[in-house]
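One file, my_file03.pdb, is given below (PDB, C-alpha atoms).
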ATOM      1  CA  MET O   1     -20.215 -38.864  -2.785
ATOM      2  CA  PHE O   2     -21.772 -41.457  -0.477
ATOM      3  CA  TYR O   3     -22.207 -40.893   3.258
ATOM      4  CA  ARG O   4     -23.025 -43.266   6.062
ATOM      5  CA  ILE O   5     -24.585 -41.291   8.918
ATOM      6  CA  THR O   6     -25.101 -42.671  12.411
ATOM      7  CA  HIS O   7     -26.906 -40.477  14.935
ATOM      8  CA  THR O   8     -27.244 -41.927  18.443
ATOM      9  CA  THR O   9     -29.128 -40.197  21.262
ATOM     10  CA  THR O  10     -29.069 -41.624  24.784
ATOM     11  CA  TYR O  11     -31.407 -40.442  27.549
ATOM     12  CA  GLU O  12     -30.740 -41.407  31.169
ATOM     13  CA  TYR O  13     -33.492 -40.827  33.741
ATOM     14  CA  ALA O  14     -33.017 -40.358  37.471
ATOM     15  CA  ASP O  15     -36.316 -42.143  38.126
ATOM     16  CA  SER O  16     -38.156 -44.714  36.079
ATOM     17  CA  VAL O  17     -40.269 -43.512  33.140
ATOM     18  CA  SER O  18     -43.600 -45.295  32.751
ATOM     19  CA  LEU O  19     -44.809 -43.714  29.498
ATOM     20  CA  SER O  20     -43.226 -41.544  26.809
ATOM     21  CA  HIS O  21     -44.059 -40.173  23.349
ATOM     22  CA  HIS O  22     -41.402 -38.967  20.896
ATOM     23  CA  LEU O  23     -41.302 -37.324  17.461
ATOM     24  CA  LEU O  24     -38.203 -38.014  15.361
ATOM     25  CA  ARG O  25     -37.048 -35.997  12.364
ATOM     26  CA  LEU O  26     -33.933 -37.946  11.475
ATOM     27  CA  THR O  27     -34.573 -39.134   7.903
ATOM     28  CA  PRO O  28     -32.474 -37.276   5.290
ATOM     29  CA  ARG O  29     -34.579 -35.779   2.515
ATOM     30  CA  SER O  30     -34.381 -36.854  -1.117
ATOM     31  CA  LEU O  31     -33.762 -33.833  -3.338
ATOM     32  CA  ALA O  32     -32.564 -33.080  -6.863
ATOM     33  CA  HIS O  33     -28.928 -33.278  -5.676
ATOM     34  CA  GLN O  34     -29.334 -35.670  -2.725
ATOM     35  CA  ARG O  35     -30.910 -39.105  -2.351
ATOM     36  CA  CYS O  36     -31.569 -41.029   0.802
ATOM     37  CA  LEU O  37     -30.756 -44.596  -0.230
ATOM     38  CA  ALA O  38     -31.535 -46.151   3.134
ATOM     39  CA  HIS O  39     -32.716 -45.205   6.585
ATOM     40  CA  GLU O  40     -33.319 -47.210   9.744
ATOM     41  CA  VAL O  41     -34.170 -46.266  13.336
ATOM     42  CA  ARG O  42     -33.396 -48.613  16.224
ATOM     43  CA  VAL O  43     -34.943 -47.944  19.637
ATOM     44  CA  ASP O  44     -34.077 -49.570  22.969
ATOM     45  CA  PRO O  45     -36.368 -50.424  24.708
ATOM     46  CA  LEU O  46     -38.666 -51.367  21.852
ATOM     47  CA  PRO O  47     -41.596 -48.970  21.348
ATOM     48  CA  THR O  48     -45.145 -50.269  21.596
ATOM     49  CA  VAL O  49     -46.315 -47.916  18.830
ATOM     50  CA  THR O  50     -44.409 -46.728  15.753
ATOM     51  CA  ARG O  51     -46.046 -44.550  13.108
ATOM     52  CA  ARG O  52     -44.587 -42.577  10.204
ATOM     53  CA  HIS O  53     -45.953 -39.569   8.357
ATOM     54  CA  ILE O  54     -44.888 -36.516   6.356
ATOM     55  CA  ASP O  55     -45.291 -33.188   8.139
ATOM     56  CA  TYR O  56     -46.514 -29.849   6.772
ATOM     57  CA  PHE O  57     -43.041 -28.951   5.476
ATOM     58  CA  GLY O  58     -42.491 -32.288   3.737
ATOM     59  CA  ASN O  59     -40.186 -33.758   6.394
ATOM     60  CA  ALA O  60     -40.353 -37.457   7.252
ATOM     61  CA  VAL O  61     -41.499 -37.911  10.874
ATOM     62  CA  THR O  62     -41.473 -41.033  13.053
ATOM     63  CA  PHE O  63     -43.774 -41.114  16.080
ATOM     64  CA  LEU O  64     -42.929 -43.458  18.962
ATOM     65  CA  THR O  65     -44.792 -44.496  22.096
ATOM     66  CA  LEU O  66     -43.000 -46.420  24.843
ATOM     67  CA  GLU O  67     -45.075 -48.093  27.549
ATOM     68  CA  GLY O  68     -43.486 -49.837  30.493
ATOM     69  CA  ALA O  69     -40.882 -48.763  33.020
ATOM     70  CA  HIS O  70     -37.458 -47.763  31.699
ATOM     71  CA  SER O  71     -34.584 -45.688  33.058
ATOM     72  CA  GLU O  72     -32.688 -45.330  29.781
ATOM     73  CA  LEU O  73     -33.699 -44.710  26.187
ATOM     74  CA  VAL O  74     -31.358 -45.137  23.220
ATOM     75  CA  ILE O  75     -32.427 -43.984  19.730
ATOM     76  CA  THR O  76     -30.046 -44.792  16.870
ATOM     77  CA  SER O  77     -30.649 -43.496  13.352
ATOM     78  CA  GLU O  78     -28.579 -44.911  10.503
ATOM     79  CA  SER O  79     -28.742 -43.540   6.967
ATOM     80  CA  MET O  80     -27.007 -43.961   3.631
ATOM     81  CA  VAL O  81     -27.086 -40.860   1.440
ATOM     82  CA  THR O  82     -25.589 -39.949  -1.904
ATOM     83  CA  VAL O  83     -24.896 -36.273  -2.710
ATOM     84  CA  ILE O  84     -23.840 -34.599  -5.943
ATOM     85  CA  PRO O  85     -22.885 -30.916  -6.380
ATOM     86  CA  PRO O  86     -26.085 -28.832  -6.508
ATOM     87  CA  GLN O  87     -26.565 -26.354  -9.312
ATOM     88  CA  SER O  88     -25.414 -22.937  -8.102
ATOM     89  CA  PRO O  89     -26.636 -19.773  -9.842
ATOM     90  CA  VAL O  90     -24.237 -17.011 -10.813
ATOM     91  CA  ALA O  91     -24.601 -14.386  -8.099
ATOM     92  CA  SER O  92     -24.558 -11.437 -10.494
ATOM     93  CA  GLU O  93     -27.325 -12.977 -12.592
ATOM     94  CA  THR O  94     -29.898 -13.345  -9.803
ATOM     95  CA  LEU O  95     -32.710 -10.827  -9.340
ATOM     96  CA  PRO O  96     -32.284  -7.536  -7.468
ATOM     97  CA  TRP O  97     -33.271  -8.124  -3.871
ATOM     98  CA  GLU O  98     -36.049  -5.498  -4.002
ATOM     99  CA  THR O  99     -37.655  -7.419  -6.891
ATOM    100  CA  VAL O 100     -37.670 -10.581  -4.795
ATOM    101  CA  ARG O 101     -39.209  -8.663  -1.889
ATOM    102  CA  GLU O 102     -41.990  -7.250  -4.045
ATOM    103  CA  SER O 103     -42.630 -10.709  -5.496
ATOM    104  CA  SER O 104     -42.928 -12.255  -2.026
ATOM    105  CA  ARG O 105     -46.134 -10.565  -0.969
ATOM    106  CA  GLY O 106     -48.604 -13.350  -1.730
ATOM    107  CA  ARG O 107     -49.422 -12.587  -5.365
ATOM    108  CA  GLN O 108     -47.813 -15.677  -6.895
ATOM    109  CA  ILE O 109     -48.772 -19.266  -7.561
ATOM    110  CA  GLY O 110     -47.003 -22.564  -7.032
ATOM    111  CA  HIS O 111     -43.600 -22.649  -5.336
ATOM    112  CA  SER O 112     -43.347 -18.854  -5.220
ATOM    113  CA  LEU O 113     -46.578 -18.601  -3.259
ATOM    114  CA  GLU O 114     -45.429 -21.349  -0.868
ATOM    115  CA  ALA O 115     -42.154 -19.493  -0.331
ATOM    116  CA  SER O 116     -44.024 -16.338   0.672
ATOM    117  CA  GLU O 117     -45.060 -18.085   3.888
ATOM    118  CA  PHE O 118     -41.437 -17.903   5.038
ATOM    119  CA  VAL O 119     -41.514 -14.106   5.167
ATOM    120  CA  CYS O 120     -43.721 -14.294   8.255
ATOM    121  CA  ASP O 121     -42.563 -14.411  11.866
ATOM    122  CA  SER O 122     -42.216 -17.791  13.543
ATOM    123  CA  PRO O 123     -41.987 -18.695  17.246
ATOM    124  CA  LEU O 124     -38.179 -18.386  17.435
ATOM    125  CA  VAL O 125     -37.533 -15.909  14.599
ATOM    126  CA  ARG O 126     -39.248 -12.527  14.547
ATOM    127  CA  ALA O 127     -38.528  -9.523  12.364
ATOM    128  CA  ARG O 128     -36.961  -6.586  14.218
ATOM    129  CA  GLU O 129     -35.788  -3.124  13.187
ATOM    130  CA  GLU O 130     -32.352  -3.829  14.673
ATOM    131  CA  PHE O 131     -31.994  -6.950  12.517
ATOM    132  CA  GLU O 132     -33.005  -4.994   9.417
ATOM    133  CA  ALA O 133     -30.450  -2.312  10.309
ATOM    134  CA  TYR O 134     -27.701  -4.930  10.675
ATOM    135  CA  ALA O 135     -28.545  -6.437   7.273
ATOM    136  CA  ALA O 136     -28.895  -3.094   5.475
ATOM    137  CA  PRO O 137     -25.201  -2.571   4.516
ATOM    138  CA  SER O 138     -25.311  -5.870   2.583
ATOM    139  CA  PHE O 139     -28.476  -4.854   0.719
ATOM    140  CA  PRO O 140     -27.883  -1.542  -1.061
ATOM    141  CA  LYS O 141     -30.283  -0.478  -3.788
ATOM    142  CA  SER O 142     -30.504  -2.850  -6.783
ATOM    143  CA  ARG O 143     -27.891  -5.323  -5.545
ATOM    144  CA  THR O 144     -28.679  -8.872  -6.652
ATOM    145  CA  ILE O 145     -30.114 -11.054  -3.910
ATOM    146  CA  LEU O 146     -27.382 -13.698  -4.002
ATOM    147  CA  GLU O 147     -24.598 -11.105  -3.886
ATOM    148  CA  ALA O 148     -26.327  -9.464  -0.932
ATOM    149  CA  ALA O 149     -27.003 -12.751   0.900
ATOM    150  CA  LEU O 150     -23.393 -13.875   0.447
ATOM    151  CA  ASP O 151     -22.174 -10.577   1.884
ATOM    152  CA  LEU O 152     -24.531 -10.890   4.867
ATOM    153  CA  THR O 153     -23.359 -14.470   5.421
ATOM    154  CA  LYS O 154     -19.718 -13.340   5.356
ATOM    155  CA  ARG O 155     -20.392 -10.539   7.858
ATOM    156  CA  ILE O 156     -22.194 -12.836  10.311
ATOM    157  CA  HIS O 157     -19.321 -15.303  10.090
ATOM    158  CA  ALA O 158     -16.841 -12.520  10.865
ATOM    159  CA  ASP O 159     -18.860 -10.730  13.566
ATOM    160  CA  PHE O 160     -20.123 -13.703  15.582
ATOM    161  CA  LYS O 161     -17.983 -16.135  17.565
ATOM    162  CA  PHE O 162     -18.762 -19.852  17.737
ATOM    163  CA  ASP O 163     -19.193 -20.602  21.435
ATOM    164  CA  PRO O 164     -21.160 -23.713  22.506
ATOM    165  CA  LYS O 165     -21.375 -22.442  26.090
ATOM    166  CA  ALA O 166     -22.858 -19.054  25.210
ATOM    167  CA  THR O 167     -26.433 -20.122  24.399
ATOM    168  CA  THR O 168     -29.095 -22.756  24.961
ATOM    169  CA  LEU O 169     -32.154 -23.700  22.915
ATOM    170  CA  ALA O 170     -34.085 -21.066  24.885
ATOM    171  CA  THR O 171     -31.697 -18.131  24.264
ATOM    172  CA  PRO O 172     -33.597 -15.376  22.397
ATOM    173  CA  LEU O 173     -32.169 -13.930  19.189
ATOM    174  CA  GLU O 174     -31.919 -10.484  20.744
ATOM    175  CA  GLU O 175     -29.410 -11.863  23.259
ATOM    176  CA  VAL O 176     -27.487 -13.708  20.534
ATOM    177  CA  PHE O 177     -27.266 -10.446  18.586
ATOM    178  CA  LYS O 178     -26.166  -8.481  21.643
ATOM    179  CA  ASN O 179     -23.404 -10.900  22.648
ATOM    180  CA  ARG O 180     -22.423 -11.958  19.090
ATOM    181  CA  ARG O 181     -21.820 -15.528  20.294
ATOM    182  CA  GLY O 182     -23.556 -18.863  19.799
ATOM    183  CA  VAL O 183     -23.709 -21.976  17.644
ATOM    184  CA  CYS O 184     -24.912 -22.893  14.164
ATOM    185  CA  GLN O 185     -28.566 -22.848  15.241
ATOM    186  CA  ASP O 186     -28.198 -19.266  16.492
ATOM    187  CA  PHE O 187     -26.335 -18.021  13.424
ATOM    188  CA  ALA O 188     -28.855 -19.611  11.055
ATOM    189  CA  GLN O 189     -31.845 -18.151  12.905
ATOM    190  CA  PHE O 190     -30.192 -14.743  13.100
ATOM    191  CA  GLU O 191     -29.587 -14.634   9.340
ATOM    192  CA  ILE O 192     -33.173 -15.765   8.739
ATOM    193  CA  ALA O 193     -34.356 -12.939  11.011
ATOM    194  CA  CYS O 194     -32.280 -10.435   9.027
ATOM    195  CA  LEU O 195     -33.715 -11.640   5.710
ATOM    196  CA  ARG O 196     -37.307 -11.694   6.961
ATOM    197  CA  SER O 197     -36.875  -8.231   8.465
ATOM    198  CA  LEU O 198     -36.154  -7.065   4.906
ATOM    199  CA  GLY O 199     -39.290  -8.828   3.630
ATOM    200  CA  LEU O 200     -37.436 -11.769   2.052
ATOM    201  CA  PRO O 201     -38.494 -15.438   2.382
ATOM    202  CA  ALA O 202     -36.002 -17.553   4.332
ATOM    203  CA  ARG O 203     -36.221 -20.964   6.010
ATOM    204  CA  TYR O 204     -34.213 -23.034   8.488
ATOM    205  CA  VAL O 205     -32.330 -26.110   7.253
ATOM    206  CA  SER O 206     -31.264 -28.895   9.607
ATOM    207  CA  GLY O 207     -28.879 -31.631   8.624
ATOM    208  CA  TYR O 208     -25.331 -32.857   8.897
ATOM    209  CA  LEU O 209     -21.928 -31.590   7.829
ATOM    210  CA  GLU O 210     -18.947 -33.766   7.038
ATOM    211  CA  THR O 211     -16.089 -32.453   9.183
ATOM    212  CA  ASP O 212     -12.344 -33.033   9.306
ATOM    213  CA  PRO O 213     -10.314 -33.810  12.446
ATOM    214  CA  PRO O 214      -7.629 -31.305  13.526
ATOM    215  CA  PRO O 215      -4.392 -31.582  11.515
ATOM    216  CA  GLY O 216      -2.379 -34.589  12.605
ATOM    217  CA  LYS O 217      -5.199 -35.939  14.790
ATOM    218  CA  PRO O 218      -7.218 -39.130  14.244
ATOM    219  CA  ARG O 219     -10.915 -38.985  13.483
ATOM    220  CA  PHE O 220     -12.886 -39.881  16.607
ATOM    221  CA  ALA O 221     -16.110 -41.873  16.338
ATOM    222  CA  GLY O 222     -19.160 -39.901  17.422
ATOM    223  CA  ALA O 223     -17.385 -36.546  17.278
ATOM    224  CA  ASP O 224     -19.585 -34.987  14.596
ATOM    225  CA  ALA O 225     -22.837 -33.147  15.290
ATOM    226  CA  SER O 226     -26.053 -31.988  13.704
ATOM    227  CA  HIS O 227     -25.741 -28.777  11.715
ATOM    228  CA  ALA O 228     -27.997 -25.899  10.645
ATOM    229  CA  TRP O 229     -27.910 -23.343   7.864
ATOM    230  CA  VAL O 230     -30.173 -21.026   5.841
ATOM    231  CA  SER O 231     -32.158 -21.271   2.625
ATOM    232  CA  PHE O 232     -33.671 -18.193   0.934
ATOM    233  CA  TYR O 233     -35.964 -18.016  -2.066
ATOM    234  CA  CYS O 234     -35.296 -16.295  -5.388
ATOM    235  CA  HIS O 235     -38.159 -16.240  -7.863
ATOM    236  CA  GLY O 236     -37.283 -17.940 -11.121
ATOM    237  CA  ILE O 237     -34.462 -19.946  -9.492
ATOM    238  CA  GLY O 238     -35.828 -21.477  -6.304
ATOM    239  CA  TRP O 239     -34.255 -21.982  -2.904
ATOM    240  CA  ILE O 240     -30.577 -21.095  -2.454
ATOM    241  CA  ASP O 241     -28.597 -22.242   0.600
ATOM    242  CA  VAL O 242     -25.935 -20.349   2.571
ATOM    243  CA  ASP O 243     -24.057 -21.399   5.711
ATOM    244  CA  PRO O 244     -23.183 -18.466   8.025
ATOM    245  CA  THR O 245     -21.347 -20.689  10.528
ATOM    246  CA  ASN O 246     -18.721 -21.589   7.931
ATOM    247  CA  ASN O 247     -19.219 -18.777   5.371
ATOM    248  CA  VAL O 248     -19.808 -21.210   2.513
ATOM    249  CA  VAL O 249     -22.439 -22.109  -0.035
ATOM    250  CA  PRO O 250     -23.437 -25.671   0.944
ATOM    251  CA  SER O 251     -22.346 -28.339  -1.507
ATOM    252  CA  THR O 252     -21.564 -32.037  -1.260
ATOM    253  CA  ARG O 253     -20.485 -31.977   2.415
ATOM    254  CA  HIS O 254     -23.884 -30.729   3.648
ATOM    255  CA  ILE O 255     -26.629 -33.362   4.049
ATOM    256  CA  VAL O 256     -30.191 -32.013   4.354
ATOM    257  CA  VAL O 257     -32.577 -33.629   6.860
ATOM    258  CA  ALA O 258     -35.435 -31.161   7.355
ATOM    259  CA  TYR O 259     -36.816 -27.724   6.445
ATOM    260  CA  GLY O 260     -38.879 -25.448   8.678
ATOM    261  CA  ARG O 261     -39.546 -21.910   9.851
ATOM    262  CA  ASP O 262     -37.063 -22.270  12.721
ATOM    263  CA  TYR O 263     -35.528 -24.927  14.969
ATOM    264  CA  ASN O 264     -38.879 -25.777  16.575
ATOM    265  CA  ASP O 265     -40.119 -27.233  13.280
ATOM    266  CA  VAL O 266     -37.116 -29.493  12.702
ATOM    267  CA  SER O 267     -35.717 -30.595  16.069
ATOM    268  CA  PRO O 268     -34.262 -34.115  15.619
ATOM    269  CA  ILE O 269     -36.032 -35.567  18.690
ATOM    270  CA  ARG O 270     -38.695 -34.109  20.929
ATOM    271  CA  GLY O 271     -41.237 -35.649  23.232
ATOM    272  CA  VAL O 272     -43.044 -35.886  26.540
ATOM    273  CA  ILE O 273     -42.448 -38.333  29.385
ATOM    274  CA  LEU O 274     -44.359 -39.456  32.469
ATOM    275  CA  GLY O 275     -42.081 -39.766  35.484
ATOM    276  CA  ALA O 276     -38.260 -39.601  35.411
ATOM    277  CA  GLY O 277     -37.602 -36.447  37.475
ATOM    278  CA  GLU O 278     -34.235 -35.138  36.347
ATOM    279  CA  HIS O 279     -32.683 -36.609  33.242
ATOM    280  CA  SER O 280     -29.628 -36.151  31.039
ATOM    281  CA  HIS O 281     -28.897 -36.934  27.437
ATOM    282  CA  LYS O 282     -25.923 -37.242  25.141
ATOM    283  CA  VAL O 283     -25.650 -37.273  21.362
ATOM    284  CA  ALA O 284     -23.040 -38.939  19.162
ATOM    285  CA  VAL O 285     -22.992 -38.359  15.401
ATOM    286  CA  ASP O 286     -20.780 -39.954  12.742
ATOM    287  CA  VAL O 287     -20.739 -38.674   9.149
ATOM    288  CA  VAL O 288     -18.447 -40.975   7.177
ATOM    289  CA  ALA O 289     -17.656 -40.403   3.485
ATOM    290  CA  MET O 290     -17.473 -43.563   1.361
ATOM    291  CA  LYS O 291     -16.473 -44.244  -2.247
ATOM    292  CA  GLU O 292     -19.185 -46.900  -2.594
ATOM    293  CA  PRO O 293     -22.495 -47.342  -0.765
ATOM    294  CA  ASP O 294     -22.650 -49.703   2.186
ATOM    295  CA  ASN O 295     -24.681 -52.597   0.785
ATOM    296  CA  GLU O 296     -25.710 -53.765   4.256
ATOM    297  CA  VAL O 297     -27.347 -50.405   4.947
ATOM    298  CA  VAL O 298     -28.827 -50.043   1.462
ATOM    299  CA  ALA O 299     -30.515 -53.431   1.846
ATOM    300  CA  LYS O 300     -32.830 -51.696   4.327
ATOM    301  CA  ALA O 301     -33.666 -48.942   1.846
ATOM    302  CA  ILE O 302     -36.807 -46.854   2.133
ATOM    303  CA  PRO O 303     -38.747 -45.842  -1.018
ATOM    304  CA  ASP O 304     -37.299 -42.793  -2.784
ATOM    305  CA  ARG O 305     -39.157 -39.476  -2.529
ATOM    306  CA  ILE O 306     -37.608 -36.976  -4.923
ATOM    307  CA  GLU O 307     -38.326 -33.255  -4.616
ATOM    308  CA  SER O 308     -37.887 -30.532  -7.164
TER     309      SER O 308
END
Can you turn what I pasted into structure tokens?
Amino acid sequence: MFYRITHTTTYEYADSVSLSHHLLRLTPRSLAHQRCLAHEVRVDPLPTVTRRHIDYFGNAVTFLTLEGAHSELVITSESMVTVIPPQSPVASETLPWETVRESSRGRQIGHSLEASEFVCDSPLVRAREEFEAYAAPSFPKSRTILEAALDLTKRIHADFKFDPKATTLATPLEEVFKNRRGVCQDFAQFEIACLRSLGLPARYVSGYLETDPPPGKPRFAGADASHAWVSFYCHGIGWIDVDPTNNVVPSTRHIVVAYGRDYNDVSPIRGVILGAGEHSHKVAVDVVAMKEPDNEVVAKAIPDRIES
């Protein structure tokens, strides 16, 4: 499946901005089941400095500096991605969750040792006894880790209500847990907190999800949004993804952009500005499935970077 993804962010400032710096994490990753064929970022007004690097977690980052007065900033990211069904392990054939926990205590090498880092607390996700207690019914003795994680994912989907007005980026997980309401970011971070509270490595995944319009309704341009889900590590298999917002195992409709400990590590755009006073912003995202790649977009292709 090919996808053309357009992500447009518009900032409007009450007063003129004289200087701003921004970090963008908008480039889809190239993985065993996903390849970023092309990626382009357009910025208006034009930045005076543009630099690209790979961050600690392997995400592609673009750094921008804008000098000169401006009252509006428009950042448009356009990507062409191809996705094939990822290999999914049989749940009953994965390791018992206690075995994974014991193997996640820093005694490994290679990918297993790297995964152990994701057992630790992060700024937005901290282990708590109440999170461990919530997860416990899904993790009885000797249950395989994928069976347990799928059950936890199903319970979060059933117990929590999707409500865009219930939380902000600053809402703590304890409040999300208390009110059982939020958005994909909240549900992903809550499941990560549950897994880490049990001593299991789990990371935050940001990306996009192909969505369908309501039955009988046309598809509106810009109506999609960024998405978030969870990835946990099983020794001998690798990272396995689950989506608590939709109670699914991500497949060809999920497009991965970035990995991190929590949202702070993967936010699509963040920065600092000099001036402006109050400001507002709006985001429009289009994820369009295509039978063939868009040659115009692919002509601007970036070099492939394939991960295991």
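Shortest atom-to-atom contact with Leu113 in chain O among O:Leu150, O:Cys234, O:Ile75, O:Leu173: O:Cys234, counting only C-alpha atoms.
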To verify the selection step, state as a ChimeraX atom specification which residues the PyMOL selection byres ((chain O and resi 190) around 10) yields on this input. /O:124-127,131,156,172-174,176-177,184-189,191-196,230,244
For the PyMOL selection byres ((chain O and resi 239) around 12), applied here, can you spell out every residue it catches as an MDAnalysis selection string? chainID O and resid 31:32 86:89 94 111:112 114:116 118 145:146 200:205 230:238 240:242 259 308
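Coordinates place CA of Asp262 in chain O at a distance of 19.2 Å from CA of Phe160 in chain O.
The residues returned by the PyMOL selection byres ((chain O and resi 167) around 8) for this structure are Asp163, Pro164, Lys165, Ala166, Thr168, Leu169, Ala170, Thr171, Val176, Arg181, Gly182 and Val183 of chain O.
With all atoms listed in the file as the basis for measurement, O:Leu24 is the residue among O:Thr252, O:Val41, O:Leu24, O:Ser71 that approaches Ile54 in chain O most closely.
Of the residues listed (O:Val288, O:Tyr208, O:Val248, O:Val119), O:Val119 shows the shortest atom-to-atom separation from Ser103 in chain O; distances use only C-alpha atoms.
Using only C-alpha atoms, the smallest distance between any of O:Arg4, O:Arg25, O:His53, O:Ala225 and Gly271 in chain O comes from O:Arg25.
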Closest of O:Val287, O:Thr27, O:His22, O:Val90 to Val272 in chain O - atom-to-atom distances counting only C-alpha atoms: O:His22
Nearest residue to Val285 in chain O from the set O:Gly207, O:Pro85, O:Pro215, O:Pro47 (distances using all atoms listed in the file): O:Gly207
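Taking CA of Ser142 in chain O and CA of Glu117 in chain O as the two end points, the separation is 23.6 Å.
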